file start06.cif (mmCIF, C-alpha atoms and all ligand atoms)
data_query
loop_
_atom_site.label_atom_id
_atom_site.label_comp_id
_atom_site.auth_asym_id
_atom_site.auth_seq_id
_atom_site.Cartn_x
_atom_site.Cartn_y
_atom_site.Cartn_z
CA MET A 22 0.00 0.00 0.00
CA GLU A 23 1.17 3.50 -0.82
CA ASN A 24 2.40 5.50 2.17
CA GLU A 25 1.06 8.90 3.15
CA ILE A 26 4.09 10.88 1.90
CA GLU A 27 3.74 9.23 -1.49
CA THR A 28 0.00 9.88 -1.72
CA ARG A 29 0.46 13.52 -0.73
CA PHE A 30 3.35 13.96 -3.16
CA LYS A 31 1.35 12.64 -6.09
CA ALA A 32 -1.61 14.86 -5.16
CA LEU A 33 0.65 17.93 -5.35
CA PHE A 34 1.07 17.48 -9.07
CA ALA A 35 -2.39 16.18 -9.94
CA ASN A 36 -4.15 19.45 -10.70
CA ARG A 37 -1.72 21.58 -12.69
CA PRO A 38 -0.15 23.33 -9.68
CA ALA A 39 0.99 26.94 -9.78
CA ILE A 40 4.26 26.77 -7.89
CA LEU A 41 6.22 29.59 -6.26
CA ALA A 42 9.78 29.35 -7.63
CA PRO A 43 12.74 29.15 -5.28
CA MET A 44 14.34 32.61 -5.17
CA GLU A 45 17.28 33.53 -3.00
CA ASP A 46 16.55 36.37 -0.56
CA VAL A 47 12.93 36.38 -1.73
CA THR A 48 11.05 33.17 -0.97
CA ASP A 49 11.53 33.04 2.78
CA ALA A 50 8.79 31.73 5.06
CA MET A 51 7.05 35.09 5.16
CA PHE A 52 6.86 35.49 1.40
CA ARG A 53 5.82 31.87 0.98
CA ALA A 54 2.86 32.55 3.30
CA ILE A 55 1.95 35.66 1.29
CA CYS A 56 1.92 33.69 -1.96
CA ARG A 57 0.14 30.70 -0.45
CA ASP A 58 -2.61 32.98 0.89
CA ARG A 59 -3.04 34.20 -2.68
CA GLY A 60 -3.32 30.81 -4.29
CA ALA A 61 0.17 29.31 -4.65
CA ASP A 62 -0.33 25.55 -4.54
CA LEU A 63 3.21 24.69 -3.59
CA CYS A 64 6.35 26.57 -2.52
CA VAL A 65 10.07 25.89 -2.69
CA THR A 66 12.59 27.39 -0.26
CA GLU A 67 15.47 29.55 -1.43
CA PHE A 68 18.39 27.35 -2.40
CA VAL A 69 20.36 26.15 0.59
CA ASN A 70 24.10 25.65 0.32
CA CYS A 71 24.91 22.08 1.26
CA GLU A 72 28.17 23.07 2.95
CA GLY A 73 26.36 25.63 5.11
CA LEU A 74 23.75 23.06 5.99
CA LEU A 75 26.31 20.44 6.94
CA ARG A 76 28.30 22.92 9.03
CA GLY A 77 25.08 23.84 10.84
CA CYS A 78 25.41 27.47 9.78
CA ARG A 79 22.67 29.73 11.16
CA ILE A 80 21.39 30.99 7.78
CA ALA A 81 21.17 27.50 6.30
CA LYS A 82 19.41 26.23 9.40
CA ARG A 83 16.87 29.05 9.25
CA LYS A 84 16.22 28.33 5.58
CA VAL A 85 15.34 24.69 6.24
CA THR A 86 13.19 25.33 9.30
CA LEU A 87 9.60 24.87 8.22
CA ALA A 88 6.74 25.88 10.51
CA PRO A 89 3.78 23.46 10.66
CA GLU A 90 1.59 25.78 8.57
CA ASP A 91 4.32 26.26 5.95
CA ARG A 92 3.13 23.39 3.80
CA PRO A 93 3.37 22.10 1.17
CA THR A 94 6.95 23.33 0.86
CA ALA A 95 9.98 21.66 -0.69
CA ILE A 96 13.55 22.33 0.39
CA GLN A 97 16.01 23.08 -2.38
CA ILE A 98 19.69 22.27 -1.88
CA TYR A 99 22.73 23.02 -4.02
CA GLY A 100 26.36 22.04 -4.13
CA SER A 101 29.04 20.59 -6.41
CA ASP A 102 30.15 17.54 -4.44
CA PRO A 103 27.81 14.57 -4.79
CA HIS A 104 28.77 13.13 -1.39
CA ARG A 105 28.07 16.42 0.34
CA LEU A 106 24.75 16.73 -1.52
CA VAL A 107 23.81 13.27 -0.32
CA ASP A 108 24.60 14.24 3.28
CA ALA A 109 22.80 17.57 2.91
CA ALA A 110 19.74 15.82 1.50
CA ARG A 111 19.61 13.69 4.66
CA VAL A 112 19.77 16.79 6.84
CA ALA A 113 17.08 18.47 4.73
CA GLU A 114 14.92 15.37 5.00
CA ALA A 115 14.99 15.65 8.80
CA ALA A 116 13.31 19.06 8.46
CA ASN A 117 10.31 17.23 7.03
CA PRO A 118 9.65 19.09 3.76
CA SER A 119 7.19 17.82 1.15
CA TYR A 120 10.16 16.72 -0.97
CA ILE A 121 13.76 17.61 -1.75
CA ASP A 122 14.70 19.56 -4.84
CA VAL A 123 18.25 19.67 -6.18
CA ASN A 124 19.30 22.89 -7.86
CA CYS A 125 21.00 22.19 -11.19
CA GLY A 126 20.05 25.50 -12.76
CA CYS A 127 21.69 28.40 -10.94
CA TRP A 128 23.66 30.34 -13.55
CA VAL A 129 25.36 32.81 -11.17
CA PRO A 130 29.10 32.46 -11.98
CA LYS A 131 30.25 32.02 -8.38
CA VAL A 132 27.93 28.99 -8.15
CA ALA A 133 27.99 27.52 -11.67
CA ARG A 134 31.73 27.90 -12.28
CA ARG A 135 32.41 25.80 -9.21
CA GLY A 136 30.30 23.02 -10.64
CA ALA A 137 27.18 23.59 -8.53
CA GLY A 138 23.79 24.75 -9.90
CA ALA A 139 23.87 24.93 -13.69
CA GLY A 140 27.50 23.78 -13.53
CA TRP A 141 26.08 20.24 -13.47
CA LEU A 142 24.84 20.77 -17.03
CA ARG A 143 28.43 20.77 -18.25
CA ASP A 144 28.67 17.13 -17.24
CA PRO A 145 25.27 15.44 -17.66
CA GLU A 146 26.79 12.04 -16.81
CA ALA A 147 27.92 13.31 -13.40
CA MET A 148 24.60 15.08 -12.86
CA VAL A 149 22.66 11.87 -13.38
CA ALA A 150 25.00 9.92 -11.08
CA MET A 151 24.62 12.59 -8.38
CA ALA A 152 20.84 12.53 -8.71
CA ARG A 153 20.85 8.73 -8.41
CA ASP A 154 22.90 8.93 -5.20
CA VAL A 155 20.63 11.57 -3.66
CA VAL A 156 17.51 9.60 -4.58
CA LYS A 157 18.95 6.49 -2.92
CA ALA A 158 19.99 8.36 0.22
CA VAL A 159 16.59 9.63 1.32
CA SER A 160 13.10 8.25 1.56
CA LEU A 161 11.42 11.51 0.57
CA PRO A 162 10.81 12.09 -3.15
CA VAL A 163 13.66 13.92 -4.92
CA THR A 164 13.12 16.39 -7.76
CA VAL A 165 15.49 18.40 -9.96
CA LYS A 166 15.24 21.97 -11.22
CA THR A 167 17.46 22.72 -14.16
CA ARG A 168 17.79 24.63 -17.42
CA ILE A 169 17.66 23.44 -21.03
CA GLY A 170 21.46 23.39 -21.32
CA TYR A 171 24.55 25.31 -20.37
CA GLY A 172 24.79 27.12 -23.71
CA PRO A 173 25.61 27.39 -26.49
CA GLU A 174 25.21 23.68 -27.27
CA SER A 175 23.95 23.02 -30.80
CA HIS A 176 21.72 20.37 -29.32
CA MET A 177 20.27 21.04 -25.87
CA PRO A 178 20.91 18.19 -23.42
CA ILE A 179 17.60 18.58 -21.59
CA VAL A 180 15.59 15.96 -23.49
CA ASP A 181 18.13 13.20 -23.00
CA LEU A 182 18.72 14.34 -19.43
CA ALA A 183 15.02 14.19 -18.62
CA ARG A 184 14.93 10.54 -19.64
CA ARG A 185 18.04 9.66 -17.68
CA LEU A 186 16.96 11.55 -14.56
CA GLU A 187 13.66 9.71 -14.63
CA ASP A 188 15.54 6.40 -14.95
CA VAL A 189 17.49 7.07 -11.73
CA GLY A 190 14.35 7.87 -9.76
CA VAL A 191 13.95 11.65 -9.98
CA ARG A 192 10.25 12.22 -9.46
CA VAL A 193 9.62 15.64 -11.01
CA LEU A 194 11.66 17.79 -13.35
CA THR A 195 11.31 21.57 -13.41
CA ILE A 196 12.75 23.21 -16.50
CA HIS A 197 13.68 26.87 -16.62
CA CYS A 198 13.52 27.15 -20.39
CA ARG A 199 16.72 29.12 -20.90
CA THR A 200 20.37 28.12 -21.02
CA ALA A 201 22.64 29.01 -18.11
CA GLU A 202 24.52 31.46 -20.33
CA MET A 203 21.28 33.34 -20.95
CA GLY A 204 20.87 34.09 -17.25
CA HIS A 205 17.54 35.88 -17.18
CA THR A 206 17.85 37.52 -20.60
CA GLY A 207 16.12 36.54 -23.84
CA ALA A 208 12.82 34.73 -24.04
CA ALA A 209 12.24 31.39 -22.35
CA ASP A 210 11.57 28.74 -25.00
CA TRP A 211 8.80 26.55 -23.55
CA GLN A 212 9.11 24.12 -26.46
CA TRP A 213 12.05 22.51 -24.67
CA ALA A 214 9.76 21.64 -21.78
CA ALA A 215 7.33 20.13 -24.30
CA ARG A 216 10.07 18.02 -25.88
CA ALA A 217 11.29 16.79 -22.50
CA ARG A 218 7.74 16.10 -21.33
CA GLU A 219 7.10 13.91 -24.36
CA VAL A 220 9.87 11.46 -23.45
CA VAL A 221 9.14 10.94 -19.75
CA GLY A 222 6.33 9.70 -17.54
CA ILE A 223 7.17 11.92 -14.56
CA PRO A 224 5.61 15.37 -14.18
CA VAL A 225 7.51 18.15 -15.93
CA ILE A 226 7.02 21.69 -14.63
CA VAL A 227 7.51 24.56 -17.07
CA ASN A 228 9.28 27.69 -15.82
CA GLY A 229 10.45 30.97 -17.31
CA ASP A 230 8.44 34.07 -18.23
CA ILE A 231 5.16 32.88 -16.72
CA ASN A 232 4.06 36.41 -15.97
CA SER A 233 0.25 36.24 -16.14
CA ALA A 234 -2.59 33.76 -15.85
CA GLU A 235 -2.84 33.78 -19.64
CA ALA A 236 0.85 32.97 -19.98
CA ALA A 237 0.45 30.11 -17.51
CA LYS A 238 -2.44 28.65 -19.51
CA LYS A 239 -0.59 29.07 -22.78
CA ALA A 240 2.53 27.41 -21.36
CA LEU A 241 0.46 24.46 -20.17
CA ASP A 242 -1.52 24.22 -23.42
CA ASP A 243 1.62 24.50 -25.57
CA THR A 244 3.70 22.01 -23.61
CA GLY A 245 1.30 19.57 -21.94
CA CYS A 246 3.35 20.05 -18.76
CA ALA A 247 2.01 19.08 -15.35
CA GLY A 248 2.29 22.53 -13.79
CA VAL A 249 3.84 25.98 -13.92
CA MET A 250 6.45 27.63 -11.74
CA VAL A 251 6.37 31.40 -11.28
CA GLY A 252 9.41 33.41 -10.25
CA ARG A 253 9.89 37.13 -10.77
CA ARG A 254 6.28 38.04 -11.46
CA ALA A 255 5.29 36.75 -8.03
CA ILE A 256 7.59 39.30 -6.37
CA ASP A 257 5.63 42.19 -7.87
CA HIS A 258 2.29 40.52 -8.05
CA PRO A 259 1.68 37.59 -5.69
CA TRP A 260 -1.99 37.68 -6.76
CA ILE A 261 -0.84 35.94 -9.96
CA PHE A 262 -1.46 32.61 -8.24
CA ARG A 263 -5.17 33.14 -7.63
CA GLU A 264 -5.46 34.56 -11.15
CA ILE A 265 -3.86 31.40 -12.55
CA ARG A 266 -6.13 29.16 -10.46
CA ALA A 267 -9.25 31.05 -11.57
CA LEU A 268 -8.31 30.69 -15.22
CA LEU A 269 -7.21 27.06 -15.04
CA ASP A 270 -9.97 25.80 -12.75
CA ARG A 271 -12.96 27.86 -13.85
CA GLY A 272 -11.92 29.48 -17.13
CA GLU A 273 -12.34 32.87 -15.43
CA THR A 274 -10.26 35.97 -15.94
CA ILE A 275 -10.56 37.71 -12.60
CA PRO A 276 -9.85 41.40 -11.98
CA GLY A 277 -6.57 42.43 -10.40
CA PRO A 278 -6.36 43.30 -6.71
CA THR A 279 -8.23 46.35 -5.45
CA LEU A 280 -6.50 49.36 -3.99
CA ALA A 281 -7.49 48.16 -0.51
CA GLU A 282 -5.90 44.76 -1.13
CA ARG A 283 -2.69 46.30 -2.42
CA LEU A 284 -2.35 48.64 0.53
CA SER A 285 -3.29 45.93 2.96
CA LEU A 286 -0.54 43.68 1.59
CA CYS A 287 1.97 46.54 1.93
CA ARG A 288 0.98 46.91 5.59
CA GLU A 289 1.07 43.16 6.20
CA HIS A 290 4.50 42.86 4.60
CA LEU A 291 5.96 45.79 6.53
CA ASN A 292 4.56 44.60 9.86
CA LYS A 293 5.72 41.01 9.46
CA ALA A 294 9.15 41.97 8.14
CA ALA A 295 9.69 44.40 11.03
CA MET A 296 8.64 41.73 13.48
CA GLU A 297 10.99 39.16 12.01
CA ARG A 298 13.97 41.46 11.65
CA THR A 299 14.59 44.81 13.32
CA GLU A 300 12.23 47.67 12.46
CA LEU A 301 14.83 49.25 10.18
CA GLY A 302 15.85 45.94 8.61
CA GLY A 303 12.23 44.98 8.00
CA VAL A 304 11.28 48.31 6.46
CA ARG A 305 14.30 48.26 4.15
CA ALA A 306 13.82 44.62 3.17
CA SER A 307 10.17 45.34 2.28
CA ARG A 308 11.00 48.00 -0.28
CA ARG A 309 11.73 45.68 -3.16
CA TYR A 310 8.26 44.15 -2.75
CA LEU A 311 6.24 47.30 -2.05
CA SER A 312 7.05 48.96 -5.35
CA GLY A 313 5.61 45.94 -7.16
CA TYR A 314 2.53 45.74 -4.93
CA LEU A 315 1.77 49.39 -5.70
CA ARG A 316 2.53 49.29 -9.43
CA GLY A 317 -0.24 50.64 -11.61
CA LEU A 318 -1.88 52.72 -8.89
CA HIS A 319 -2.60 56.36 -9.56
CA GLY A 320 0.36 58.37 -8.21
CA ALA A 321 2.34 55.19 -7.47
CA ALA A 322 5.70 56.71 -8.40
CA ALA A 323 5.35 59.54 -5.87
CA LEU A 324 4.06 57.10 -3.24
CA ARG A 325 7.02 54.77 -3.79
CA GLN A 326 9.40 57.69 -3.59
CA LYS A 327 8.04 58.66 -0.18
CA LEU A 328 8.23 55.09 1.10
CA VAL A 329 11.80 54.64 -0.08
CA LEU A 330 12.88 57.63 1.98
CA CYS A 331 11.13 56.46 5.13
CA ASP A 332 12.95 54.19 7.60
CA SER A 333 10.30 53.87 10.31
CA LEU A 334 7.36 51.52 10.42
CA THR A 335 4.88 54.11 11.68
CA GLY A 336 6.16 56.57 9.09
CA CYS A 337 5.45 54.05 6.29
CA MET A 338 2.01 53.34 7.72
CA ASP A 339 1.25 57.07 7.82
CA ILE A 340 2.27 57.44 4.18
CA LEU A 341 0.02 54.54 3.17
CA ASN A 342 -2.90 55.86 5.27
CA GLU A 343 -2.57 59.32 3.83
CA TYR A 344 -2.51 57.94 0.30
CA GLU A 345 -5.60 55.84 0.98
CA ALA A 346 -7.48 58.76 2.52
CA ASN A 347 -6.86 60.78 -0.63
CA MET A 348 -7.67 57.97 -3.04
CA PRO A 349 -10.82 56.36 -1.63
CA ASN A 350 -12.08 54.94 -4.90
CA ALA A 351 -8.92 54.32 -6.82
CA HIS A 352 -8.45 50.94 -8.43
CA ALA A 353 -5.29 49.46 -9.80
CA ALA A 354 -4.88 49.51 -13.53
C1 LIG B 401 16.15 36.96 -7.20
C2 LIG B 401 16.14 35.55 -7.77
C3 LIG B 401 16.65 34.52 -7.01
C4 LIG B 401 16.63 33.21 -7.50
N1 LIG B 401 17.06 32.19 -6.71
C5 LIG B 401 16.92 30.90 -7.13
C6 LIG B 401 17.18 29.80 -6.26
O1 LIG B 401 17.55 29.97 -5.09
N2 LIG B 401 17.01 28.54 -6.76
C7 LIG B 401 16.58 28.32 -8.05
O2 LIG B 401 16.42 27.16 -8.46
N3 LIG B 401 16.31 29.33 -8.88
C8 LIG B 401 16.44 30.61 -8.44
N4 LIG B 401 16.08 31.63 -9.27
C9 LIG B 401 15.51 31.33 -10.60
C10 LIG B 401 13.96 31.23 -10.50
O3 LIG B 401 13.58 30.17 -9.65
C11 LIG B 401 13.35 31.00 -11.89
O4 LIG B 401 13.82 29.78 -12.40
C12 LIG B 401 13.69 32.12 -12.86
O5 LIG B 401 13.54 33.39 -12.27
C13 LIG B 401 12.80 32.03 -14.12
O6 LIG B 401 11.44 32.14 -13.79
P1 LIG B 401 10.64 33.55 -14.00
O7 LIG B 401 10.80 33.96 -15.43
O8 LIG B 401 9.22 33.22 -13.62
O9 LIG B 401 11.27 34.55 -13.08
C14 LIG B 401 16.12 32.95 -8.80
C15 LIG B 401 15.64 34.01 -9.56
C16 LIG B 401 15.64 35.30 -9.06
C17 LIG B 401 15.07 36.42 -9.91
#

call {"tool": "encode", "arguments": {"input": "start06.cif", "output": "structure tokens"}}
result
Amino acid sequence: MENEIETRFKALFANRPAILAPMEDVTDAMFRAICRDRGADLCVTEFVNCEGLLRGCRIAKRKVTLAPEDRPTAIQIYGSDPHRLVDAARVAEAANPSYIDVNCGCWVPKVARRGAGAGWLRDPEAMVAMARDVVKAVSLPVTVKTRIGYGPESHMPIVDLARRLEDVGVRVLTIHCRTAEMGHTGAADWQWAARAREVVGIPVIVNGDINSAEAAKKALDDTGCAGVMVGRRAIDHPWIFREIRALLDRGETIPGPTLAERLSLCREHLNKAAMERTELGGVRASRRYLSGYLRGLHGAAALRQKLVLCDSLTGCMDILNEYEANMPNAHAA
């Protein structure tokens, strides 16, 4: 009989999930909760360095600590040494995530040049062997997130890799449809996810440039993939998840968030961030999110400008309250 972990894991991918992408310094527990409240079906932690995890470093430990309500969430690990990844996967497993994801897609030179992240794409043979070892080492399901190739291969390795990763027991493959050399530039080519999906039985998740509900539907229709993963657009617009769900589940295009919702999320974010860090640290860390939450509002540029110059929590709240009082009926574009 199938165990509970297995049943739950399969259910995660049964209904075309909209997944919050792992993003360093972005997808912490607080932001995961924000996205989950707005429809994200599944979240992945920021990538966790396997050396940091094995040394018991404070940051790595915090990244793998999952509160009971922070579910379903996968832990993503990265590293270049297969033995260390195996050990790190065991440590991550003890934190009881929904599954363990191995990062084979990070293009950042300090990671990829050392053979971690997308560096694995330079040696597909080694990548498959590493994945096999990690799969064998833990009882939780193991997934891989990667890119279509390192670049500029004339023939992208992803299709062959998909088959071989499935053969060694990888349970889901997420494909960021760019090469490592592309970084975040140029358009993601979803057709690679379609080609990989055709040759495997495991779920393939399409990632890259899913920046609206319509894009999510098109990516799924074009590729036949099992789900979508959303990265950068979620930072500005975490409501994308409920918009995707409405379109996929009910065929509905729902309106964007109201002014009240946008301001309320700004307040929620500021309050929680200040509580988790210091007041100053929380206010500053919130800025990158607030400008996205406010985008499209009448007078947003001036509002953002005021917020950027304000270091106190009450000051930010006053600015938001004053804006709201002067814009009672405004709706986001
Ligand atoms: C700020 C930032 C941090 C990221 N950190 C990670 C990470 O820790 N692990 C990972 O697999 N991908 C990471 N990525 C890549 C995203 O998960 C995603 O694959 C990429 O942004 C493409 O999706 P998008 O077009 O929806 O943004 C990061 C991307 C950004 C913008």

call {"tool": "residues_near_point", "arguments": {"input": "start06.cif", "point": "(7.6, 23.7, -22.1)", "cutoff": "12 Å", "atoms": "only C-alpha atoms", "output": "PyMOL selection string"}}
result
chain A and resi 168-169+179-180+194-199+209-219+224-231+236-250

call {"tool": "residues_around", "arguments": {"input": "start06.cif", "residues": "Thr86 in chain A", "least_positions_apart": "2", "cutoff": "12 Å", "atoms": "all atoms listed in the file", "output": "short mmCIF file (atom, residue, chain, number, x, y, z; two decimals) with C-alpha atoms, keeping the file's coordinate frame"}}
result
data_model
loop_
_atom_site.label_atom_id
_atom_site.label_comp_id
_atom_site.auth_asym_id
_atom_site.auth_seq_id
_atom_site.Cartn_x
_atom_site.Cartn_y
_atom_site.Cartn_z
CA ASP A 49 11.53 33.04 2.78
CA ALA A 50 8.79 31.73 5.06
CA THR A 66 12.59 27.39 -0.26
CA GLU A 67 15.47 29.55 -1.43
CA VAL A 69 20.36 26.15 0.59
CA LEU A 74 23.75 23.06 5.99
CA ARG A 79 22.67 29.73 11.16
CA ILE A 80 21.39 30.99 7.78
CA ALA A 81 21.17 27.50 6.30
CA LYS A 82 19.41 26.23 9.40
CA ARG A 83 16.87 29.05 9.25
CA LYS A 84 16.22 28.33 5.58
CA ALA A 88 6.74 25.88 10.51
CA PRO A 89 3.78 23.46 10.66
CA GLU A 90 1.59 25.78 8.57
CA ASP A 91 4.32 26.26 5.95
CA ARG A 92 3.13 23.39 3.80
CA THR A 94 6.95 23.33 0.86
CA ALA A 95 9.98 21.66 -0.69
CA ILE A 96 13.55 22.33 0.39
CA VAL A 112 19.77 16.79 6.84
CA ALA A 113 17.08 18.47 4.73
CA GLU A 114 14.92 15.37 5.00
CA ALA A 115 14.99 15.65 8.80
CA ALA A 116 13.31 19.06 8.46
CA ASN A 117 10.31 17.23 7.03
CA PRO A 118 9.65 19.09 3.76
#

call {"tool": "closest_atom_pairs", "arguments": {"input": "start06.cif", "of": "chain A", "to": "ligand LIG 401 (chain B)", "cutoff": "10 Å", "atoms": "only C-alpha atoms and all ligand atoms", "output": "tab-separated table"}}
result
residue	atom	partner	partner_atom	distance
A:Ile40	CA	B:LIG401	O8	10.0
A:Leu41	CA	B:LIG401	O3	8.1
A:Ala42	CA	B:LIG401	O3	4.4
A:Pro43	CA	B:LIG401	N2	4.6
A:Met44	CA	B:LIG401	N1	3.2
A:Glu45	CA	B:LIG401	N1	4.0
A:Asp46	CA	B:LIG401	C1	6.7
A:Val47	CA	B:LIG401	C1	6.4
A:Thr48	CA	B:LIG401	O1	8.3
A:Val65	CA	B:LIG401	N2	8.5
A:Thr66	CA	B:LIG401	O1	7.4
A:Glu67	CA	B:LIG401	O1	4.2
A:Phe68	CA	B:LIG401	O1	3.8
A:Val69	CA	B:LIG401	O1	7.4
A:Asn70	CA	B:LIG401	O1	9.5
A:Gln97	CA	B:LIG401	N2	7.1
A:Ile98	CA	B:LIG401	N2	8.4
A:Tyr99	CA	B:LIG401	N2	8.4
A:Asp122	CA	B:LIG401	O2	8.6
A:Val123	CA	B:LIG401	O2	8.0
A:Asn124	CA	B:LIG401	O2	5.2
A:Cys125	CA	B:LIG401	O2	7.3
A:Gly126	CA	B:LIG401	O2	5.9
A:Cys127	CA	B:LIG401	N3	5.8
A:Trp128	CA	B:LIG401	C9	8.7
A:Val129	CA	B:LIG401	N1	9.4
A:Gly138	CA	B:LIG401	O2	7.9
A:Ala139	CA	B:LIG401	O2	9.4
A:Val165	CA	B:LIG401	O2	8.9
A:Lys166	CA	B:LIG401	O2	6.0
A:Thr167	CA	B:LIG401	O2	7.3
A:Arg168	CA	B:LIG401	O4	8.2
A:Thr195	CA	B:LIG401	O4	8.6
A:Ile196	CA	B:LIG401	O4	7.8
A:His197	CA	B:LIG401	O4	5.1
A:Cys198	CA	B:LIG401	C13	8.0
A:Arg199	CA	B:LIG401	C13	8.4
A:Gly204	CA	B:LIG401	C12	8.6
A:His205	CA	B:LIG401	O5	6.8
A:Thr206	CA	B:LIG401	O7	9.4
A:Ala208	CA	B:LIG401	O7	8.9
A:Ala209	CA	B:LIG401	O7	7.5
A:Val227	CA	B:LIG401	O6	9.1
A:Asn228	CA	B:LIG401	O6	5.3
A:Gly229	CA	B:LIG401	O7	3.5
A:Asp230	CA	B:LIG401	O7	3.7
A:Ile231	CA	B:LIG401	O8	5.1
A:Asn232	CA	B:LIG401	O8	6.5
A:Ser233	CA	B:LIG401	O8	9.8
A:Val249	CA	B:LIG401	O8	9.0
A:Met250	CA	B:LIG401	O8	6.5
A:Val251	CA	B:LIG401	O8	4.1
A:Gly252	CA	B:LIG401	O8	3.4
A:Arg253	CA	B:LIG401	O9	3.7
A:Arg254	CA	B:LIG401	O8	6.0
A:Ala255	CA	B:LIG401	O8	7.7
A:Ile256	CA	B:LIG401	C17	8.8

call {"tool": "closest_residue", "arguments": {"input": "start06.cif", "among": "A:Glu264, A:Glu297, A:Asp257, A:Asp102", "to": "Arg283 in chain A", "atoms": "all atoms listed in the file"}}
result
A:Asp257

call {"tool": "closest_residue", "arguments": {"input": "start06.cif", "among": "A:Gly320, A:Gly303, A:Gly136, A:Pro103", "to": "Val155 in chain A", "atoms": "all atoms listed in the file"}}
result
A:Pro103

call {"tool": "residues_around", "arguments": {"input": "start06.cif", "residues": "range 334-339 of chain A", "least_positions_apart": "2", "cutoff": "12 Å", "atoms": "all atoms listed in the file", "output": "count of residues only"}}
result
39

call {"tool": "atom_distance", "arguments": {"input": "start06.cif", "atom1": "CA of Trp141 in chain A", "atom2": "CA of Ser101 in chain A"}}
result
7.7 Å

call {"tool": "atom_distance", "arguments": {"input": "start06.cif", "atom1": "CA of Cys64 in chain A", "atom2": "CA of Lys157 in chain A"}}
result
23.7 Å

call {"tool": "atom_distance", "arguments": {"input": "start06.cif", "atom1": "CA of Pro93 in chain A", "atom2": "CA of Leu33 in chain A"}}
result
8.2 Å

call {"tool": "closest_residue", "arguments": {"input": "start06.cif", "among": "A:Ala201, A:Ala152, A:Val189, A:Ala234", "to": "Val132 in chain A", "atoms": "all atoms listed in the file"}}
result
A:Ala201

call {"tool": "closest_residue", "arguments": {"input": "start06.cif", "among": "A:Val149, A:Val220, A:Ile340, A:Val163", "to": "Phe30 in chain A", "atoms": "all atoms listed in the file"}}
result
A:Val163

call {"tool": "residues_around", "arguments": {"input": "start06.cif", "residues": "Arg184 in chain A", "least_positions_apart": "3", "cutoff": "6 Å", "atoms": "all atoms listed in the file", "output": "PyMOL selection string"}}
result
chain A and resi 181+187+221
